[in-house]
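This is model-v2.cif. It holds mmCIF, C-alpha atoms.
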data_model
loop_
_atom_site.label_atom_id
_atom_site.label_comp_id
_atom_site.auth_asym_id
_atom_site.auth_seq_id
_atom_site.Cartn_x
_atom_site.Cartn_y
_atom_site.Cartn_z
CA MET A 12 0.00 0.00 0.00
CA ARG A 13 1.42 3.34 -1.02
CA SER A 14 0.83 6.61 0.71
CA ALA A 15 -0.30 9.77 -1.05
CA ALA A 16 3.21 11.21 -0.67
CA THR A 17 4.57 8.77 -3.26
CA HIS A 18 2.61 10.54 -5.99
CA SER A 19 4.24 13.96 -5.58
CA HIS A 20 6.22 13.46 -8.80
CA TYR A 21 3.08 13.68 -10.91
CA LYS A 22 2.61 16.73 -13.11
CA ALA A 23 1.11 19.83 -11.54
CA ASP A 24 -1.88 19.82 -13.91
CA ILE A 25 -3.13 16.56 -12.44
CA ARG A 26 -6.05 17.49 -10.22
CA SER A 27 -6.53 15.51 -7.02
CA PHE A 28 -9.35 15.30 -4.55
CA SER A 29 -8.84 14.24 -0.95
CA CYS A 30 -11.42 13.44 1.68
CA PHE A 31 -10.12 13.15 5.23
CA ILE A 32 -12.13 11.72 8.09
CA PRO A 33 -10.76 13.20 11.35
CA PRO A 34 -9.33 11.12 14.16
CA SER A 35 -11.46 9.44 16.79
CA PRO A 36 -13.02 11.55 19.57
CA SER A 37 -10.50 10.22 22.08
CA VAL A 38 -7.76 11.96 20.13
CA LEU A 39 -9.67 15.17 19.55
CA LEU A 40 -10.71 15.51 23.18
CA ARG A 41 -7.27 15.57 24.74
CA PRO A 42 -6.94 18.06 27.64
CA ARG A 43 -5.73 21.49 26.63
CA PRO A 44 -2.41 22.67 28.08
CA LYS A 45 -2.56 24.82 31.18
CA VAL A 46 -0.91 28.24 31.46
CA ARG A 47 -0.49 30.74 34.31
CA LEU A 48 -2.14 34.14 34.19
CA ASN A 49 -1.79 36.55 37.16
CA GLY A 50 -0.62 33.71 39.34
CA ASP A 51 -3.73 31.57 38.65
CA THR A 52 -3.68 28.30 36.77
CA THR A 53 -6.19 28.32 33.88
CA ARG A 54 -6.72 26.46 30.64
CA ALA A 55 -5.34 27.99 27.48
CA MET A 56 -8.04 29.95 25.66
CA PRO A 57 -8.04 32.02 22.47
CA PRO A 58 -6.97 35.65 23.05
CA PRO A 59 -9.87 38.03 23.71
CA SER A 60 -10.95 40.43 21.01
CA SER A 61 -9.93 44.07 21.25
CA SER A 62 -13.53 45.11 21.70
CA SER A 63 -14.01 43.07 24.88
CA PRO A 64 -12.03 43.16 28.15
CA ALA A 65 -9.80 40.29 29.08
CA SER A 66 -11.60 39.71 32.35
CA SER A 67 -15.24 39.24 33.28
CA PRO A 68 -16.59 38.26 29.84
CA ILE A 69 -20.18 39.29 29.24
CA LEU A 70 -22.37 36.34 28.16
CA PRO A 71 -25.05 37.14 25.58
CA PRO A 72 -28.72 36.56 26.44
CA PRO A 73 -30.24 33.17 25.56
CA GLY A 74 -30.87 32.87 21.84
CA GLU A 75 -28.15 35.41 21.00
CA VAL A 76 -24.48 34.87 20.24
CA LYS A 77 -22.00 37.73 20.04
CA SER A 78 -19.85 37.74 16.92
CA GLU A 79 -16.30 39.06 17.04
CA ASN A 80 -16.61 40.38 13.49
CA SER A 81 -20.00 42.01 13.96
CA ARG A 82 -21.39 44.52 16.39
CA SER A 83 -24.92 43.05 16.28
CA PRO A 84 -25.72 39.82 18.16
CA PHE A 85 -26.44 36.61 16.27
CA LYS A 86 -30.04 35.49 16.81
CA LEU A 87 -30.91 31.82 16.64
CA THR A 88 -33.96 31.42 14.41
CA GLU A 89 -35.41 28.56 12.41
CA SER A 90 -33.62 29.68 9.25
CA THR A 91 -30.25 30.17 10.99
CA PHE A 92 -30.65 26.79 12.66
CA LEU A 93 -31.36 25.04 9.35
CA ALA A 94 -28.45 26.87 7.72
CA SER A 95 -26.13 25.70 10.50
CA LEU A 96 -26.88 22.06 9.69
CA MET A 97 -24.85 22.38 6.49
CA PRO A 98 -21.76 24.67 6.56
CA LYS A 99 -22.24 25.79 2.97
CA LYS A 100 -21.69 29.42 3.90
CA GLU A 101 -18.40 28.70 5.64
CA ILE A 102 -16.94 26.90 2.64
CA GLY A 103 -18.41 29.30 0.07
CA ALA A 104 -20.69 26.73 -1.56
CA ASP A 105 -23.77 28.95 -1.29
CA ARG A 106 -22.03 31.87 -2.99
CA PHE A 107 -20.79 29.59 -5.76
CA LEU A 108 -24.30 28.26 -6.45
CA GLU A 109 -25.72 31.78 -6.44
CA ALA A 110 -23.19 32.79 -9.07
CA HIS A 111 -23.59 29.56 -11.07
CA PRO A 112 -27.09 28.10 -10.43
CA THR A 113 -26.72 25.28 -12.95
CA TYR A 114 -23.32 24.18 -11.61
CA ASP A 115 -25.01 22.12 -8.90
CA GLY A 116 -23.91 18.63 -9.91
CA ARG A 117 -26.21 18.18 -12.88
CA GLY A 118 -25.02 15.41 -15.14
CA VAL A 119 -22.80 13.98 -12.38
CA LEU A 120 -23.25 10.48 -10.97
CA VAL A 121 -21.95 9.90 -7.42
CA ALA A 122 -21.33 6.45 -5.94
CA ILE A 123 -21.88 6.19 -2.18
CA PHE A 124 -19.76 3.36 -0.76
CA ASP A 125 -21.24 3.11 2.72
CA SER A 126 -23.97 1.45 4.79
CA GLY A 127 -26.65 1.88 2.13
CA VAL A 128 -28.93 4.75 1.15
CA ASP A 129 -32.59 4.78 2.16
CA PRO A 130 -34.72 5.17 -1.02
CA ALA A 131 -37.56 6.63 1.06
CA ALA A 132 -35.49 9.44 2.58
CA ALA A 133 -36.69 13.01 2.09
CA GLY A 134 -34.46 15.01 -0.23
CA LEU A 135 -33.27 11.90 -2.08
CA GLN A 136 -36.19 11.54 -4.48
CA VAL A 137 -35.39 13.84 -7.41
CA THR A 138 -32.58 16.11 -8.55
CA SER A 139 -32.79 19.88 -9.00
CA ASP A 140 -33.54 19.36 -12.70
CA GLY A 141 -36.27 16.76 -12.13
CA LYS A 142 -34.36 13.51 -12.70
CA PRO A 143 -34.55 10.49 -10.35
CA LYS A 144 -32.06 10.99 -7.53
CA ILE A 145 -31.09 7.34 -6.91
CA ILE A 146 -30.64 5.29 -10.06
CA ASP A 147 -29.49 2.04 -8.43
CA ILE A 148 -29.18 0.45 -4.99
CA LEU A 149 -26.92 -2.58 -4.50
CA ASP A 150 -25.89 -4.78 -1.59
CA CYS A 151 -22.26 -5.62 -2.26
CA THR A 152 -21.86 -7.69 0.94
CA GLY A 153 -24.38 -10.48 0.35
CA SER A 154 -25.89 -9.94 3.81
CA GLY A 155 -29.39 -9.72 2.32
CA ASP A 156 -29.17 -12.71 -0.03
CA VAL A 157 -32.08 -15.17 -0.07
CA ASP A 158 -31.74 -18.60 -1.68
CA THR A 159 -34.72 -19.05 -3.99
CA SER A 160 -33.46 -22.05 -5.97
CA ASN A 161 -36.38 -24.20 -4.81
CA VAL A 162 -39.02 -24.15 -7.56
CA VAL A 163 -42.67 -25.14 -6.98
CA LYS A 164 -45.94 -25.03 -8.91
CA ALA A 165 -49.23 -23.76 -7.55
CA ASP A 166 -52.26 -25.95 -6.96
CA ALA A 167 -55.55 -25.42 -8.73
CA ASP A 168 -56.55 -22.83 -6.13
CA GLY A 169 -53.38 -20.81 -6.78
CA SER A 170 -51.64 -21.78 -3.56
CA PHE A 171 -48.43 -23.60 -2.63
CA VAL A 172 -46.29 -24.20 0.42
CA GLY A 173 -43.57 -21.59 0.89
CA ALA A 174 -40.07 -22.13 2.23
CA SER A 175 -41.24 -21.29 5.76
CA GLY A 176 -43.86 -24.04 5.69
CA ARG A 177 -46.80 -21.66 5.43
CA ARG A 178 -49.30 -22.05 2.61
CA LEU A 179 -49.17 -19.03 0.33
CA VAL A 180 -51.73 -17.80 -2.18
CA VAL A 181 -50.60 -15.87 -5.24
CA ASN A 182 -52.47 -12.97 -6.77
CA PRO A 183 -54.38 -14.20 -9.86
CA SER A 184 -53.49 -10.97 -11.71
CA TRP A 185 -49.76 -11.79 -11.60
CA LYS A 186 -48.54 -12.94 -15.00
CA ASN A 187 -46.38 -16.05 -14.90
CA PRO A 188 -46.18 -17.89 -18.25
CA SER A 189 -44.12 -20.79 -16.87
CA GLN A 190 -46.25 -21.19 -13.71
CA GLU A 191 -43.00 -21.80 -11.84
CA TRP A 192 -42.48 -20.03 -8.52
CA HIS A 193 -39.08 -19.75 -6.86
CA VAL A 194 -39.47 -19.79 -3.07
CA GLY A 195 -37.16 -18.82 -0.22
CA ALA A 196 -37.35 -17.53 3.35
CA ARG A 197 -35.33 -15.34 5.70
CA LEU A 198 -35.34 -14.35 9.37
CA ILE A 199 -36.34 -10.70 9.36
CA TYR A 200 -33.93 -9.71 12.15
CA GLU A 201 -31.04 -10.64 9.86
CA LEU A 202 -32.08 -7.80 7.55
CA PHE A 203 -32.58 -5.14 10.23
CA THR A 204 -30.12 -2.95 12.08
CA SER A 205 -29.38 -3.94 15.67
CA THR A 206 -31.26 -0.86 16.90
CA LEU A 207 -34.42 -1.74 14.99
CA SER A 208 -34.20 -5.40 15.99
CA SER A 209 -33.83 -4.46 19.67
CA ARG A 210 -36.90 -2.21 19.52
CA LEU A 211 -39.02 -4.88 17.86
CA LYS A 212 -37.83 -7.51 20.33
CA GLU A 213 -38.86 -5.31 23.25
CA GLU A 214 -42.29 -4.68 21.75
CA ARG A 215 -42.82 -8.35 20.94
CA LYS A 216 -41.58 -9.43 24.38
CA LYS A 217 -44.05 -7.07 26.07
CA LYS A 218 -46.97 -8.52 24.12
CA TRP A 219 -45.74 -12.04 24.69
CA ASP A 220 -45.45 -11.43 28.45
CA GLU A 221 -49.04 -10.18 28.55
CA LYS A 222 -50.35 -13.25 26.75
CA ASN A 223 -48.17 -15.61 28.76
CA GLN A 224 -49.35 -14.03 32.01
CA GLU A 225 -52.95 -14.49 30.89
CA ALA A 226 -52.23 -18.15 30.19
CA ILE A 227 -50.60 -18.55 33.64
CA SER A 228 -53.60 -16.97 35.34
CA GLU A 229 -55.98 -19.26 33.49
CA ALA A 230 -53.90 -22.37 34.31
CA LEU A 231 -53.73 -21.34 37.98
CA ARG A 232 -57.50 -20.79 38.08
CA GLN A 233 -58.16 -24.25 36.63
CA LEU A 234 -55.77 -25.85 39.11
CA ASN A 235 -57.37 -24.11 42.10
CA GLU A 236 -60.87 -25.07 40.99
CA PHE A 237 -59.78 -28.67 40.50
CA GLU A 238 -58.21 -28.83 43.97
CA LYS A 239 -61.31 -27.32 45.58
CA LYS A 240 -63.55 -29.81 43.82
CA HIS A 241 -61.33 -32.83 44.48
CA VAL A 242 -59.85 -32.58 47.97
CA LYS A 243 -58.71 -36.17 48.00
CA LEU A 244 -56.99 -37.58 44.94
CA GLU A 245 -57.52 -41.28 45.51
CA ASP A 246 -58.52 -42.08 41.95
CA LEU A 247 -55.63 -42.62 39.50
CA THR A 248 -57.46 -40.65 36.83
CA LEU A 249 -57.82 -37.67 39.16
CA LYS A 250 -54.14 -37.84 40.07
CA LYS A 251 -53.11 -37.73 36.42
CA ALA A 252 -55.48 -34.83 35.72
CA HIS A 253 -54.08 -32.89 38.70
CA GLU A 254 -50.51 -33.62 37.60
CA ASP A 255 -51.32 -32.42 34.08
CA LEU A 256 -52.70 -29.10 35.38
CA GLN A 257 -49.67 -28.60 37.63
CA ASN A 258 -47.22 -29.39 34.81
CA ARG A 259 -49.01 -26.95 32.54
CA LEU A 260 -48.66 -24.18 35.11
CA ASP A 261 -44.98 -24.97 35.72
CA PHE A 262 -44.26 -25.02 32.00
CA LEU A 263 -45.83 -21.58 31.45
CA ARG A 264 -43.82 -20.11 34.30
CA LYS A 265 -40.54 -21.55 33.00
CA GLN A 266 -41.24 -20.26 29.51
CA ALA A 267 -40.64 -16.69 30.63
CA GLU A 268 -37.15 -17.63 31.84
CA SER A 269 -36.16 -19.34 28.58
CA TYR A 270 -37.74 -16.81 26.22
CA ASP A 271 -35.65 -16.27 23.09
CA ASP A 272 -37.06 -14.35 20.13
CA LYS A 273 -35.39 -15.42 16.88
CA GLY A 274 -37.69 -13.12 14.98
CA PRO A 275 -40.43 -13.54 12.39
CA VAL A 276 -39.78 -15.41 9.16
CA ILE A 277 -40.73 -13.84 5.84
CA ASP A 278 -41.43 -15.80 2.66
CA VAL A 279 -39.91 -14.61 -0.61
CA VAL A 280 -41.40 -15.63 -3.96
CA VAL A 281 -39.79 -14.97 -7.36
CA TRP A 282 -41.15 -15.50 -10.86
CA ASN A 283 -40.64 -14.27 -14.41
CA ASP A 284 -43.56 -12.39 -15.96
CA GLY A 285 -42.14 -12.71 -19.47
CA ASP A 286 -40.30 -9.39 -19.30
CA PHE A 287 -38.71 -9.10 -15.86
CA TRP A 288 -38.07 -11.15 -12.76
CA ARG A 289 -40.60 -10.19 -10.10
CA VAL A 290 -40.37 -10.48 -6.31
CA ALA A 291 -43.15 -10.64 -3.72
CA VAL A 292 -42.79 -10.95 0.05
CA ASP A 293 -45.22 -12.45 2.56
CA THR A 294 -44.94 -10.58 5.89
CA GLN A 295 -47.92 -11.97 7.83
CA SER A 296 -45.61 -12.97 10.67
CA LEU A 297 -44.81 -9.29 11.23
CA GLU A 298 -48.44 -8.25 11.59
CA ASP A 299 -50.81 -8.49 14.55
CA THR A 300 -53.76 -9.64 12.46
CA PRO A 301 -53.73 -12.51 9.93
CA ASP A 302 -55.45 -10.48 7.22
CA LYS A 303 -52.42 -8.17 6.78
CA GLY A 304 -49.11 -8.84 5.09
CA LYS A 305 -50.46 -11.51 2.76
CA LEU A 306 -48.38 -12.45 -0.29
CA ALA A 307 -51.22 -11.69 -2.70
CA ASP A 308 -51.51 -8.12 -1.38
CA PHE A 309 -47.85 -7.29 -1.97
CA VAL A 310 -47.02 -5.00 -4.89
CA PRO A 311 -44.35 -6.96 -6.82
CA LEU A 312 -40.87 -5.48 -7.17
CA THR A 313 -38.09 -6.06 -9.67
CA ASP A 314 -34.46 -4.93 -9.91
CA TYR A 315 -34.32 -1.42 -8.47
CA ARG A 316 -32.56 0.07 -11.49
CA THR A 317 -35.41 -1.08 -13.75
CA GLU A 318 -38.39 0.59 -12.07
CA ARG A 319 -36.84 2.37 -9.05
CA LYS A 320 -39.50 1.08 -6.66
CA PHE A 321 -39.09 0.02 -3.05
CA GLY A 322 -41.21 -1.76 -0.45
CA ILE A 323 -41.76 -1.55 3.30
CA PHE A 324 -42.00 -4.70 5.41
CA SER A 325 -44.65 -3.38 7.83
CA LYS A 326 -45.84 -0.21 9.53
CA ARG A 327 -44.33 -1.42 12.78
CA ASP A 328 -40.74 -1.46 11.49
CA ALA A 329 -41.16 1.14 8.70
CA CYS A 330 -38.04 -0.36 7.11
CA SER A 331 -37.75 0.28 3.37
CA PHE A 332 -36.05 -2.23 1.11
CA VAL A 333 -35.35 -2.90 -2.54
CA THR A 334 -34.76 -6.14 -4.42
CA ASN A 335 -32.36 -7.38 -7.09
CA VAL A 336 -32.66 -10.80 -8.74
CA TYR A 337 -29.66 -12.86 -9.84
CA ASP A 338 -28.87 -16.29 -11.29
CA ASP A 339 -32.12 -16.70 -13.25
CA GLY A 340 -34.31 -16.26 -10.19
CA ASN A 341 -32.32 -18.57 -7.92
CA LEU A 342 -31.01 -15.74 -5.74
CA VAL A 343 -32.70 -12.59 -4.47
CA SER A 344 -30.84 -9.74 -2.81
CA ILE A 345 -33.01 -7.83 -0.32
CA VAL A 346 -31.19 -4.54 0.23
CA THR A 347 -31.69 -2.72 3.54
CA ASP A 348 -29.51 -0.22 5.38
CA CYS A 349 -27.16 -1.51 8.05
CA SER A 350 -27.01 1.99 9.59
CA PRO A 351 -28.28 5.50 8.71
CA HIS A 352 -24.75 6.75 7.98
CA GLY A 353 -24.92 6.16 4.22
CA THR A 354 -28.15 8.13 3.93
CA HIS A 355 -26.57 10.93 5.96
CA VAL A 356 -23.59 11.05 3.60
CA ALA A 357 -25.85 11.01 0.52
CA GLY A 358 -27.86 13.90 1.96
CA ILE A 359 -24.79 16.01 2.64
CA ALA A 360 -23.53 15.40 -0.87
CA THR A 361 -26.65 15.60 -3.03
CA ALA A 362 -29.92 16.18 -1.12
CA TYR A 363 -32.50 18.34 -2.87
CA HIS A 364 -35.33 19.90 -0.84
CA PRO A 365 -37.32 22.20 -3.17
CA GLU A 366 -39.50 23.44 -0.28
CA GLU A 367 -36.55 24.06 2.07
CA PRO A 368 -33.39 24.93 0.09
CA LEU A 369 -31.38 25.44 3.30
CA LEU A 370 -31.40 21.66 3.70
CA ASN A 371 -29.96 21.02 0.23
CA GLY A 372 -26.69 19.20 -0.11
CA ILE A 373 -23.61 20.53 -1.84
CA ALA A 374 -24.64 19.14 -5.26
CA PRO A 375 -28.46 18.86 -5.36
CA GLY A 376 -28.38 18.22 -9.09
CA ALA A 377 -26.25 15.07 -8.90
CA GLN A 378 -27.60 11.52 -9.12
CA LEU A 379 -26.63 8.60 -6.89
CA ILE A 380 -25.79 4.95 -7.01
CA SER A 381 -25.80 3.32 -3.56
CA CYS A 382 -23.25 0.54 -3.02
CA LYS A 383 -23.68 -1.01 0.41
CA ILE A 384 -20.27 -2.21 1.66
CA GLY A 385 -21.22 -2.38 5.37
CA ASP A 386 -22.19 -5.92 6.28
CA THR A 387 -25.34 -6.16 8.43
CA ARG A 388 -24.11 -9.48 9.84
CA LEU A 389 -20.96 -7.75 11.11
CA GLY A 390 -22.65 -4.76 12.69
CA SER A 391 -22.18 -2.57 9.57
CA MET A 392 -18.42 -3.23 9.33
CA GLU A 393 -17.13 -2.94 5.78
CA THR A 394 -15.36 -5.84 4.10
CA GLY A 395 -12.82 -6.12 1.30
CA THR A 396 -15.25 -8.25 -0.69
CA GLY A 397 -17.93 -5.60 -0.40
CA LEU A 398 -15.56 -2.83 -1.50
CA THR A 399 -14.34 -4.88 -4.46
CA ARG A 400 -17.89 -5.61 -5.61
CA ALA A 401 -18.76 -1.93 -5.22
CA LEU A 402 -15.87 -0.91 -7.46
CA ILE A 403 -16.98 -3.48 -10.04
CA ALA A 404 -20.53 -2.13 -9.91
CA ALA A 405 -19.21 1.41 -10.40
CA VAL A 406 -17.19 0.24 -13.40
CA GLU A 407 -20.27 -1.37 -14.92
CA VAL A 408 -22.12 1.95 -14.93
CA GLY A 409 -19.06 3.71 -16.34
CA LEU A 410 -18.42 5.69 -13.17
CA ILE A 411 -14.80 4.75 -12.56
CA PHE A 412 -11.80 4.59 -14.92
CA ARG A 413 -13.35 6.91 -17.46
CA HIS A 414 -11.77 9.85 -15.64
CA VAL A 415 -10.21 8.35 -12.53
CA VAL A 416 -6.81 6.74 -12.79
CA LYS A 417 -5.93 6.13 -9.16
CA PHE A 418 -7.78 5.13 -6.01
CA ILE A 419 -5.68 5.11 -2.87
CA LEU A 420 -6.77 4.13 0.63
CA VAL A 421 -4.41 5.05 3.46
CA ILE A 422 -5.16 3.79 6.95
CA ASN A 423 -3.43 5.08 10.08
CA PRO A 424 -4.07 2.42 12.77
CA GLU A 425 -2.97 4.73 15.57
CA VAL A 426 -5.37 7.57 14.79
CA THR A 427 -8.13 5.51 13.10
CA SER A 428 -8.35 7.83 10.14
CA TYR A 429 -9.05 7.19 6.49
CA LEU A 430 -7.70 9.06 3.51
CA ILE A 431 -9.22 8.44 0.10
CA GLN A 432 -7.46 10.18 -2.75
CA VAL A 433 -8.63 10.13 -6.33
CA GLU A 434 -6.33 11.52 -9.00
CA SER A 435 -7.62 12.41 -12.45
CA LEU A 436 -5.94 13.34 -15.69
CA ASP A 437 -9.12 14.94 -17.00
#

Here is the file; what I need is its structure written in the form of structure tokens.
Amino acid sequence: MRSAATHSHYKADIRSFSCFIPPSPSVLLRPRPKVRLNGDTTRAMPPPSSSSPASSPILPPPGEVKSENSRSPFKLTESTFLASLMPKKEIGADRFLEAHPTYDGRGVLVAIFDSGVDPAAAGLQVTSDGKPKIIDILDCTGSGDVDTSNVVKADADGSFVGASGRRLVVNPSWKNPSQEWHVGARLIYELFTSTLSSRLKEERKKKWDEKNQEAISEALRQLNEFEKKHVKLEDLTLKKAHEDLQNRLDFLRKQAESYDDKGPVIDVVVWNDGDFWRVAVDTQSLEDTPDKGKLADFVPLTDYRTERKFGIFSKRDACSFVTNVYDDGNLVSIVTDCSPHGTHVAGIATAYHPEEPLLNGIAPGAQLISCKIGDTRLGSMETGTGLTRALIAAVEVGLIFRHVVKFILVINPEVTSYLIQVESLD
């Protein structure tokens, strides 16, 4: 691995772009050196301005901040708060866009190599010139892969047994010339972030505890009534009945101690409608009522780049996802975010909010391709395989190597910082 310093011999007309992620907070939050002023030990502070005395600083009223370069106080309002979320003024981006309104990233395609970009996020729907913001979403880690190599045919009533063991009914309006259905299943927690999974587990555990407690109360009531009715258990049949009631009560009480929620299982069905591979998901196990989440009610998806549509598993999780089909329907990639970081990065770079321009990113006219390199199974940690697949995907859309000639990653293990440098001859 070569550092950026080894490329100093390149010609001066070669433009380079560097993005530096600062060190970890433990490095940035080191104690400041102490100095002595008037015999007292104090922490080193910036020198006071000429307009204010060195001692007894006057604090501005709440909601106002004194500026050293301005005589009037800075008032915190909704607009100033929104503007502070993106430091476009500090770096001169707002002045540049005012002078060149059409130089806002139009015609530029940006690849986000991160934890995934949420297709439902506000500001990431269209560009400033009306084009779709996200043109493709890919999972380069394989963490959302579902094996759908098992092929079945529906019965006369349009139903078949899915990979989870549940009987599924297809929508009669779905076109499937071959009448072959590829089926697979996946534990839903394996597709969610740890934060979302923890919240759902808590909610499900609370409901389970309520139902289990109701069952314990009912079992205890039956046992008490039996004991009141049969004081002496001389008959063998009565003894077995009493033992059965007691075992039932003990079992329900022990269940609470051994509770382990592996999560609901979703069924995935894939078929070819003659033009595209289609995907439908049965999410009844996520719903409270059996009439919701049925396979036949799902709006079929296809590869995201084809129709740019996404689905949501249920209202409870509100988790958006997209699908991509590979290997002639034998593998489905369900793409979800492994953390919100990728969406945050995409918003900073390219978000477009026509109703609130202060929230726009640096290049609201640019389009995106999301390459998820953070593995959900590893707590969003990126892998070399994911990064390699992401680079290949970028090459396939002509994003890399048309202009870029070098991609260098420098890692400092002591500071935990990353330096990505791209050098271009164009």

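Across the model, the gap from atom CA of Trp219 of chain A to atom CA of Lys303 of chain A is 19.5 Å.
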
Within 12 Å of segment 128-134 of chain A, which residues of segment 301-353 of chain A show up? Give each one with its shortest atom-to-atom distance in Å (one decimal) and the two atoms involved, counting all atoms listed in the file, rows by chain then rising residue number, as CSV.
residue,atom,partner,partner_atom,distance
A:Tyr315,CA,A:Pro130,CA,10.0
A:Arg316,CA,A:Pro130,CA,11.8
A:Arg319,CA,A:Pro130,CA,8.8
A:Lys320,CA,A:Pro130,CA,8.4
A:Phe321,CA,A:Pro130,CA,7.1
A:Gly322,CA,A:Ala131,CA,9.3
A:Ile323,CA,A:Ala131,CA,9.5
A:Ala329,CA,A:Ala131,CA,10.1
A:Cys330,CA,A:Asp129,CA,9.0
A:Ser331,CA,A:Ala131,CA,6.8
A:Phe332,CA,A:Pro130,CA,7.8
A:Val333,CA,A:Pro130,CA,8.2
A:Thr334,CA,A:Pro130,CA,11.8
A:Val346,CA,A:Val128,CA,9.6
A:Thr347,CA,A:Asp129,CA,7.7
A:Asp348,CA,A:Val128,CA,6.6
A:Cys349,CA,A:Val128,CA,9.5
A:Ser350,CA,A:Val128,CA,9.1
A:Pro351,CA,A:Val128,CA,7.6
A:His352,CA,A:Val128,CA,8.3
A:Gly353,CA,A:Val128,CA,5.2

> Of the candidates A:Ile199, A:Ala122, A:Leu312, A:Leu149, which one gets nearest to Asn283 of chain A if we count all atoms listed in the file?
Replying inline: A:Leu312

> Got a sec: who's within 9 Å of Val137 of chain A, counting all atoms listed in the file, leaving out chain neighbours fewer than 4 positions off, as a ChimeraX atom specification?
Replying inline: /A:141-145,362-364,375-376,378

> Got a sec to resolve the PyMOL selection byres ((chain A and resi 108) around 12) on this structure and send the residues as an MDAnalysis selection string?
Replying inline: chainID A and resid 99:100 102:107 109:116 368 371:376

>> Report, in Å with one decimal, the straight-line distance from atom CA of Thr313 of chain A to atom CA of Val194 of chain A.
In response: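 Result for atom CA of Thr313 of chain A versus atom CA of Val194 of chain A: 15.3 Å, one decimal.
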
Kindly complete segment 108-121 of chain A to N, CA and C atoms; the output should be written as a tab-separated table (two decimals), in the coordinates of the input.
chain	number	residue	atom	x	y	z
A	108	LEU	N	-23.05	28.64	-5.80
A	108	LEU	CA	-24.30	28.26	-6.45
A	108	LEU	C	-25.12	29.49	-6.84
A	109	GLU	N	-25.02	30.55	-6.07
A	109	GLU	CA	-25.72	31.78	-6.44
A	109	GLU	C	-25.14	32.37	-7.73
A	110	ALA	N	-23.83	32.27	-7.86
A	110	ALA	CA	-23.19	32.79	-9.07
A	110	ALA	C	-23.36	31.87	-10.26
A	111	HIS	N	-23.46	30.56	-10.00
A	111	HIS	CA	-23.59	29.56	-11.07
A	111	HIS	C	-24.71	28.58	-10.70
A	112	PRO	N	-25.96	28.94	-10.87
A	112	PRO	CA	-27.09	28.10	-10.43
A	112	PRO	C	-27.13	26.72	-11.05
A	113	THR	N	-26.65	26.59	-12.28
A	113	THR	CA	-26.72	25.28	-12.95
A	113	THR	C	-25.49	24.42	-12.67
A	114	TYR	N	-24.50	24.96	-11.96
A	114	TYR	CA	-23.32	24.18	-11.61
A	114	TYR	C	-23.55	23.52	-10.25
A	115	ASP	N	-24.62	22.74	-10.17
A	115	ASP	CA	-25.01	22.12	-8.90
A	115	ASP	C	-24.92	20.60	-8.94
A	116	GLY	N	-24.08	20.08	-9.81
A	116	GLY	CA	-23.91	18.63	-9.91
A	116	GLY	C	-24.73	17.99	-11.01
A	117	ARG	N	-25.40	18.77	-11.81
A	117	ARG	CA	-26.21	18.18	-12.88
A	117	ARG	C	-25.33	17.43	-13.87
A	118	GLY	N	-25.80	16.24	-14.23
A	118	GLY	CA	-25.02	15.41	-15.14
A	118	GLY	C	-23.94	14.60	-14.47
A	119	VAL	N	-23.83	14.70	-13.13
A	119	VAL	CA	-22.80	13.98	-12.38
A	119	VAL	C	-23.44	12.81	-11.65
A	120	LEU	N	-22.79	11.67	-11.68
A	120	LEU	CA	-23.25	10.48	-10.97
A	120	LEU	C	-22.27	10.19	-9.84
A	121	VAL	N	-22.78	10.10	-8.62
A	121	VAL	CA	-21.95	9.90	-7.42
A	121	VAL	C	-22.23	8.52	-6.85
